[in-house]
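**Student:** Structure file structure18.cif (mmCIF, C-alpha atoms and all ligand atoms) is given on the next line.
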data_entry
#
loop_
_atom_site.label_atom_id
_atom_site.label_comp_id
_atom_site.auth_asym_id
_atom_site.auth_seq_id
_atom_site.Cartn_x
_atom_site.Cartn_y
_atom_site.Cartn_z
CA MET A 198 -108.59 -197.30 -46.26
CA ALA A 199 -106.10 -200.12 -46.51
CA VAL A 200 -102.85 -201.11 -44.87
CA HIS A 201 -100.23 -203.07 -46.75
CA GLY A 202 -98.68 -205.60 -44.42
CA ARG A 203 -95.70 -207.78 -45.17
CA LYS A 204 -97.83 -210.61 -46.42
CA CYS A 205 -101.29 -209.33 -46.91
CA LEU A 206 -103.59 -206.53 -47.86
CA MET A 207 -106.08 -205.78 -45.12
CA ASN A 208 -109.34 -204.28 -46.26
CA PHE A 209 -110.91 -201.90 -43.79
CA LYS A 210 -114.59 -202.82 -43.58
CA SER A 211 -117.18 -202.39 -40.90
CA LYS A 212 -120.84 -203.14 -40.41
CA ASN A 213 -121.04 -200.10 -38.15
CA SER A 214 -120.85 -196.59 -39.49
CA GLY A 215 -118.30 -193.96 -38.60
CA ILE A 216 -114.56 -193.67 -38.94
CA TRP A 217 -113.86 -194.99 -35.43
CA ALA A 218 -115.95 -198.08 -36.02
CA SER A 219 -114.06 -198.67 -39.27
CA ILE A 220 -110.70 -198.25 -37.56
CA CYS A 221 -111.63 -200.55 -34.71
CA SER A 222 -113.05 -203.15 -37.05
CA SER A 223 -109.79 -203.12 -38.97
CA LEU A 224 -107.84 -203.50 -35.75
CA LYS A 225 -109.40 -206.92 -35.28
CA GLU A 226 -107.58 -208.07 -38.39
CA ILE A 227 -104.39 -206.41 -37.24
CA HIS A 228 -104.67 -207.96 -33.78
CA ALA A 229 -105.14 -211.32 -35.45
CA LEU A 230 -101.67 -210.85 -36.93
CA SER A 231 -100.36 -209.91 -33.48
CA SER A 232 -99.13 -206.67 -35.01
CA VAL A 233 -100.62 -204.12 -32.67
CA PRO A 234 -101.72 -204.62 -29.04
CA ALA A 235 -105.47 -204.80 -28.65
CA ASN A 236 -105.54 -201.90 -26.21
CA VAL A 237 -104.09 -199.35 -28.66
CA ILE A 238 -107.65 -198.34 -29.35
CA ALA A 239 -109.83 -198.91 -26.32
CA ARG A 240 -113.59 -198.90 -26.00
CA ARG A 241 -114.99 -196.43 -23.52
CA LEU A 242 -118.13 -198.08 -22.32
CA GLY A 243 -121.32 -196.03 -22.22
CA ASN A 244 -124.66 -197.79 -22.50
CA GLY A 245 -123.05 -200.98 -23.84
CA GLU A 246 -125.43 -201.19 -26.79
CA SER A 247 -122.92 -201.53 -29.60
CA THR A 248 -120.44 -203.81 -27.89
CA HIS A 249 -120.70 -207.59 -27.87
CA PHE A 250 -120.18 -208.86 -24.36
CA TRP A 251 -118.30 -212.03 -25.28
CA THR A 252 -116.68 -211.50 -28.64
CA ASP A 253 -115.56 -207.85 -28.61
CA ILE A 254 -112.49 -206.77 -26.70
CA TRP A 255 -113.77 -204.16 -24.29
CA MET A 256 -111.74 -204.89 -21.17
CA GLY A 257 -108.10 -205.98 -21.23
CA ASN A 258 -106.49 -207.41 -24.35
CA GLU A 259 -108.67 -210.45 -24.92
CA ALA A 260 -112.30 -211.15 -25.65
CA PHE A 261 -114.20 -212.77 -22.78
CA SER A 262 -115.13 -215.67 -25.07
CA SER A 263 -111.51 -216.82 -25.07
CA ARG A 264 -110.65 -215.61 -21.59
CA PHE A 265 -113.61 -217.43 -19.99
CA PRO A 266 -114.34 -220.29 -22.42
CA ARG A 267 -116.32 -222.39 -19.92
CA LEU A 268 -118.73 -219.53 -19.31
CA TYR A 269 -118.96 -218.71 -23.02
CA ALA A 270 -119.97 -222.31 -23.64
CA MET A 271 -122.78 -221.87 -21.10
CA GLU A 272 -124.03 -218.59 -22.59
CA THR A 273 -127.40 -218.88 -24.32
CA ASN A 274 -126.83 -215.86 -26.54
CA LYS A 275 -123.31 -215.81 -27.90
CA GLN A 276 -123.95 -212.45 -29.60
CA ALA A 277 -125.25 -210.76 -26.45
CA LEU A 278 -124.41 -207.09 -26.11
CA VAL A 279 -122.95 -205.70 -22.93
CA SER A 280 -126.27 -203.97 -22.35
CA ASN A 281 -128.04 -207.35 -22.58
CA ARG A 282 -126.06 -208.52 -19.57
CA TRP A 283 -126.86 -205.43 -17.52
CA ASN A 284 -130.19 -205.22 -15.74
CA ASN A 285 -131.34 -202.64 -13.20
CA GLY A 286 -127.87 -201.61 -12.20
CA GLU A 287 -126.27 -205.01 -11.95
CA TRP A 288 -124.92 -207.80 -14.15
CA SER A 289 -127.33 -210.56 -15.06
CA TRP A 290 -126.66 -213.86 -16.78
CA LEU A 291 -128.57 -216.29 -18.93
CA TRP A 292 -126.83 -219.65 -18.77
CA ARG A 293 -127.90 -222.87 -20.49
CA ARG A 294 -127.91 -224.49 -17.05
CA ASN A 295 -126.71 -223.67 -13.55
CA ILE A 296 -123.01 -222.96 -13.25
CA ARG A 297 -121.19 -225.89 -11.67
CA ASP A 298 -118.50 -225.87 -9.03
CA GLY A 299 -114.94 -226.07 -10.24
CA ALA A 300 -113.69 -224.38 -13.39
CA GLU A 301 -117.04 -222.82 -14.28
CA ALA A 302 -117.54 -221.30 -10.83
CA THR A 303 -113.95 -220.07 -10.76
CA GLN A 304 -114.32 -218.38 -14.12
CA LEU A 305 -117.58 -216.76 -13.05
CA ALA A 306 -115.96 -215.45 -9.87
CA ASN A 307 -113.08 -214.02 -11.88
CA LEU A 308 -115.39 -212.44 -14.44
CA THR A 309 -117.61 -210.93 -11.76
CA SER A 310 -114.62 -209.55 -9.92
CA LEU A 311 -113.29 -208.05 -13.14
CA ILE A 312 -116.42 -206.16 -14.10
CA GLN A 313 -117.93 -205.42 -10.69
CA SER A 314 -116.78 -201.80 -10.70
CA ILE A 315 -118.24 -201.07 -14.13
CA GLN A 316 -121.40 -199.02 -14.36
CA LEU A 317 -123.23 -198.53 -17.64
CA ILE A 318 -124.38 -195.00 -18.27
CA ASP A 319 -126.93 -193.48 -20.61
CA LYS A 320 -124.42 -192.49 -23.23
CA ALA A 321 -123.23 -194.13 -26.44
CA ASN A 322 -120.01 -196.16 -26.36
CA SER A 323 -116.97 -194.30 -27.60
CA TRP A 324 -113.34 -195.00 -28.42
CA THR A 325 -110.03 -193.78 -27.08
CA TRP A 326 -106.60 -193.78 -28.68
CA ASN A 327 -104.25 -195.37 -26.19
CA VAL A 328 -100.65 -194.71 -27.19
CA PRO A 329 -98.33 -193.30 -24.48
CA GLY A 330 -97.94 -189.56 -24.97
CA ASN A 331 -100.63 -189.37 -27.66
CA THR A 332 -104.24 -189.19 -26.61
CA SER A 333 -105.64 -188.07 -29.95
CA PHE A 334 -105.68 -190.30 -33.01
CA SER A 335 -103.72 -189.44 -36.12
CA VAL A 336 -102.94 -191.49 -39.22
CA HIS A 337 -99.26 -190.64 -38.70
CA GLN A 338 -99.23 -192.09 -35.18
CA PHE A 339 -101.07 -195.18 -36.29
CA ARG A 340 -98.66 -195.70 -39.19
CA LEU A 341 -95.70 -195.41 -36.79
CA CYS A 342 -97.38 -197.92 -34.50
CA LEU A 343 -97.83 -200.36 -37.38
CA GLU A 344 -94.31 -199.86 -38.68
CA ARG A 345 -92.81 -200.54 -35.27
CA ALA A 346 -94.83 -203.74 -35.08
CA LEU A 347 -94.33 -204.96 -38.65
CA PHE A 348 -90.74 -203.85 -39.15
CA PRO A 349 -89.12 -204.17 -35.75
CA CYS A 350 -85.55 -204.30 -37.08
CA GLU A 351 -83.02 -201.83 -35.76
CA PRO A 352 -82.58 -198.79 -38.03
CA LEU A 353 -79.40 -199.12 -40.07
CA LYS A 354 -77.19 -196.13 -40.51
CA THR A 355 -76.82 -195.17 -44.16
CA SER A 356 -73.22 -194.73 -45.17
CA TRP A 357 -72.48 -193.87 -48.80
CA ASN A 358 -69.18 -194.76 -50.43
CA SER A 359 -68.14 -192.00 -52.81
CA LEU A 360 -65.62 -194.27 -54.56
CA VAL A 361 -68.25 -196.50 -56.14
CA PRO A 362 -71.13 -195.60 -58.48
CA LYS A 363 -74.39 -194.43 -56.97
CA LYS A 364 -76.23 -197.52 -58.18
CA VAL A 365 -73.84 -199.71 -56.17
CA ASN A 366 -74.54 -197.70 -53.04
CA ILE A 367 -78.26 -198.06 -53.64
CA PHE A 368 -77.92 -201.78 -54.28
CA VAL A 369 -76.05 -202.30 -50.99
CA TRP A 370 -78.57 -200.10 -49.16
CA ARG A 371 -81.39 -202.33 -50.42
CA LEU A 372 -79.40 -205.50 -49.70
CA LEU A 373 -78.82 -204.56 -46.05
CA ARG A 374 -82.55 -203.96 -45.61
CA ASP A 375 -83.59 -207.13 -47.40
CA ARG A 376 -85.40 -205.08 -50.06
CA LEU A 377 -84.01 -206.67 -53.20
CA PRO A 378 -86.54 -208.52 -55.37
CA SER A 379 -85.61 -212.09 -54.53
CA ARG A 380 -88.26 -214.68 -55.30
CA LEU A 381 -89.03 -214.97 -51.59
CA ASN A 382 -89.46 -211.21 -51.18
CA LEU A 383 -91.64 -210.96 -54.28
CA ASN A 384 -93.80 -213.74 -52.92
CA LEU A 385 -94.07 -212.00 -49.55
CA LYS A 386 -95.20 -208.86 -51.38
CA GLY A 387 -98.09 -210.83 -52.83
CA LEU A 388 -96.82 -211.53 -56.34
CA ASP A 389 -97.89 -214.85 -57.76
CA ILE A 390 -94.59 -216.73 -57.91
CA ASP A 391 -94.79 -220.34 -59.09
CA ASP A 392 -91.65 -221.44 -57.31
CA ILE A 393 -89.63 -219.53 -54.72
CA SER A 394 -86.71 -221.95 -54.73
CA CYS A 395 -83.33 -221.00 -56.17
CA PRO A 396 -83.06 -222.26 -59.79
CA LEU A 397 -79.44 -223.27 -59.19
CA CYS A 398 -79.51 -224.84 -55.75
CA PRO A 399 -81.82 -227.75 -55.04
CA TYR A 400 -84.19 -227.36 -52.08
CA GLN A 401 -82.99 -223.81 -51.27
CA VAL A 402 -85.36 -220.86 -51.07
CA GLU A 403 -84.19 -217.88 -53.10
CA SER A 404 -83.90 -215.43 -50.21
CA ILE A 405 -81.42 -212.60 -49.97
CA GLN A 406 -79.57 -214.53 -47.30
CA HIS A 407 -79.22 -217.49 -49.66
CA LEU A 408 -78.26 -215.44 -52.73
CA PHE A 409 -75.45 -213.67 -50.91
CA SER A 410 -74.06 -216.46 -48.78
CA SER A 411 -74.75 -220.08 -49.66
CA CYS A 412 -75.85 -219.90 -53.32
CA MET A 413 -73.61 -221.88 -55.69
CA LEU A 414 -73.47 -219.00 -58.18
CA PHE A 415 -72.48 -216.49 -55.51
CA ASN A 416 -69.74 -218.77 -54.21
CA GLU A 417 -68.32 -219.28 -57.71
CA LEU A 418 -68.32 -215.52 -58.34
CA ALA A 419 -66.73 -214.88 -54.97
CA GLN A 420 -64.00 -217.39 -55.80
CA ILE A 421 -63.29 -215.71 -59.15
CA ILE A 422 -63.15 -212.26 -57.51
CA SER A 423 -60.95 -213.65 -54.78
CA ASN A 424 -58.51 -215.08 -57.33
CA TRP A 425 -58.54 -211.85 -59.32
CA THR A 426 -57.97 -209.52 -56.39
CA ARG A 427 -55.90 -212.03 -54.37
CA ILE A 428 -58.05 -211.21 -51.37
CA ASP A 429 -59.63 -213.94 -49.30
CA ILE A 430 -63.38 -213.44 -49.22
CA VAL A 431 -65.12 -214.64 -46.10
CA ILE A 432 -68.73 -215.44 -46.88
CA ALA A 433 -71.35 -215.17 -44.21
CA ASN A 434 -74.77 -213.62 -43.69
CA PRO A 435 -74.81 -210.43 -45.79
CA LYS A 436 -76.45 -208.48 -42.97
CA SER A 437 -73.50 -209.17 -40.73
CA THR A 438 -70.76 -208.64 -43.27
CA LEU A 439 -71.70 -205.69 -45.44
ZN ZN B 1 -78.80 -220.66 -55.12
#
If you convert what's in this file into structure tokens, what do you get?
Ligand SMILES: [Zn+2]

**Tutor:**
Amino acid sequence: MAVHGRKCLMNFKSKNSGIWASICSSLKEIHALSSVPANVIARRLGNGESTHFWTDIWMGNEAFSSRFPRLYAMETNKQALVSNRWNNGEWSWLWRRNIRDGAEATQLANLTSLIQSIQLIDKANSWTWNVPGNTSFSVHQFRLCLERALFPCEPLKTSWNSLVPKKVNIFVWRLLRDRLPSRLNLNLKGLDIDDISCPLCPYQVESIQHLFSSCMLFNELAQIISNWTRIDIVIANPKSTL
């Protein structure tokens, strides 16, 4: 399974078996892009045997390794599972040395307070889909979640002009959504473009905004059309004018 982002292709791989493990493994890559909140798919802790205590996100939206860096530095086993830190009904630690007063002690107090109510049970860890109003996972819901994150722009109302050819309507529709194949857009789609600058304008990236506002060629054409129609053409950002 793969998701095509704006700039990258994310391969869904997992060392663990099962569709949920694959989905959650892939979410790590998506979280790294800040596209989807980490708690969209949440771990439901059971025996803690397949969850890394420090590096997996199993409580809140951040791994303990980054939330409690002083403690993580003191941990003797960075790959410890949650079950490794649970002994006879209570949390147990294995530090490189005694925890010192100050930042280390504060972090330990915070960590202990955070997990004190957790009890491991004799049941495998599981996963829950955590989108408001949708408790069961579906590809459709996940795609909507990704689209909202990757394409947060306001939906534009489509209005067709019957006085101009269909291809002009389609062109404007694509222009308003920044979906014309400018060099910048092709590059963002992953095509190997040697140079994304405008061939006419030095030091300008060939984006849609440039092509339809500040590009020398566009301004010359606009001037010719203005002279021909005797209408003053005000040039600005195409998204705000068309
Ligand atoms: Zn240009």

**Student:** Would you mind listing the residues within 10 Å of ligand ZN 1 (chain B), counting all atoms listed in the file, as a PDB file with C-alpha atoms, in the coordinates of the input?

**Tutor:**
ATOM      1  CA  SER A 394     -86.710-221.950 -54.730  1.00  0.00           C
ATOM      2  CA  CYS A 395     -83.330-221.000 -56.170  1.00  0.00           C
ATOM      3  CA  PRO A 396     -83.060-222.260 -59.790  1.00  0.00           C
ATOM      4  CA  LEU A 397     -79.440-223.270 -59.190  1.00  0.00           C
ATOM      5  CA  CYS A 398     -79.510-224.840 -55.750  1.00  0.00           C
ATOM      6  CA  PRO A 399     -81.820-227.750 -55.040  1.00  0.00           C
ATOM      7  CA  TYR A 400     -84.190-227.360 -52.080  1.00  0.00           C
ATOM      8  CA  GLN A 401     -82.990-223.810 -51.270  1.00  0.00           C
ATOM      9  CA  VAL A 402     -85.360-220.860 -51.070  1.00  0.00           C
ATOM     10  CA  GLU A 403     -84.190-217.880 -53.100  1.00  0.00           C
ATOM     11  CA  SER A 404     -83.900-215.430 -50.210  1.00  0.00           C
ATOM     12  CA  ILE A 405     -81.420-212.600 -49.970  1.00  0.00           C
ATOM     13  CA  GLN A 406     -79.570-214.530 -47.300  1.00  0.00           C
ATOM     14  CA  HIS A 407     -79.220-217.490 -49.660  1.00  0.00           C
ATOM     15  CA  LEU A 408     -78.260-215.440 -52.730  1.00  0.00           C
ATOM     16  CA  PHE A 409     -75.450-213.670 -50.910  1.00  0.00           C
ATOM     17  CA  SER A 410     -74.060-216.460 -48.780  1.00  0.00           C
ATOM     18  CA  SER A 411     -74.750-220.080 -49.660  1.00  0.00           C
ATOM     19  CA  CYS A 412     -75.850-219.900 -53.320  1.00  0.00           C
ATOM     20  CA  MET A 413     -73.610-221.880 -55.690  1.00  0.00           C
ATOM     21  CA  LEU A 414     -73.470-219.000 -58.180  1.00  0.00           C
ATOM     22  CA  PHE A 415     -72.480-216.490 -55.510  1.00  0.00           C
ATOM     23  CA  ASN A 416     -69.740-218.770 -54.210  1.00  0.00           C
TER      24      ASN A 416
END

**Student:** If you count only C-alpha atoms, which residues fall within 8 Å of stretch 252-256 of chain A, apart from same-chain ones fewer than 2 positions away, as a ChimeraX atom specification?

**Tutor:** /A:235,239-242,248-250,258-262,275-276

**Student:** Just give me the gap between atom CA of A:His337 and atom CA of A:Asn382 in Å, one decimal is fine.

**Tutor:**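 A separation of 26.0 Å between them.
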
**Student:** Counting all atoms listed in the file, note down every residue that has an atom within 12 Å of the point (-121.8, -222.1, -12.5) (file coordinates), as JSON, numbers by chain.

**Tutor:** {"A": [267, 268, 269, 270, 271, 272, 290, 291, 292, 293, 294, 295, 296, 297, 298, 299, 300, 301, 302, 303, 304, 305, 306, 307, 308, 309]}

**Student:** Separation of atom CA of A:Asn244 and atom CA of A:Trp326, in Å?

**Tutor:**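 One can read the atom CA of A:Asn244 to atom CA of A:Trp326 distance as 19.5 Å.
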
**Student:** Between atom CA of A:Ala277 and atom CA of A:Ile312, what is the distance, to one decimal in Å?

**Tutor:**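 One can read the atom CA of A:Ala277 to atom CA of A:Ile312 distance as 15.9 Å.
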
**Student:** Restricting the calculation to all atoms listed in the file, which member of A:Asp429, A:Asp392, A:Glu246, A:Glu287 is positioned closest to A:Arg380?

**Tutor:** A:Asp392

**Student:** Kindly list the centre and edge lengths in Å, rounded to one decimal, for the axis-aligned box that covers all listed atoms of stretch 240-255 of chain A plus 6 Å on each of its six sides, as AutoDock Vina command-line options.

**Tutor:**
--center_x -119.0 --center_y -204.0 --center_z -25.9 --size_x 24.9 --size_y 28.0 --size_z 19.4
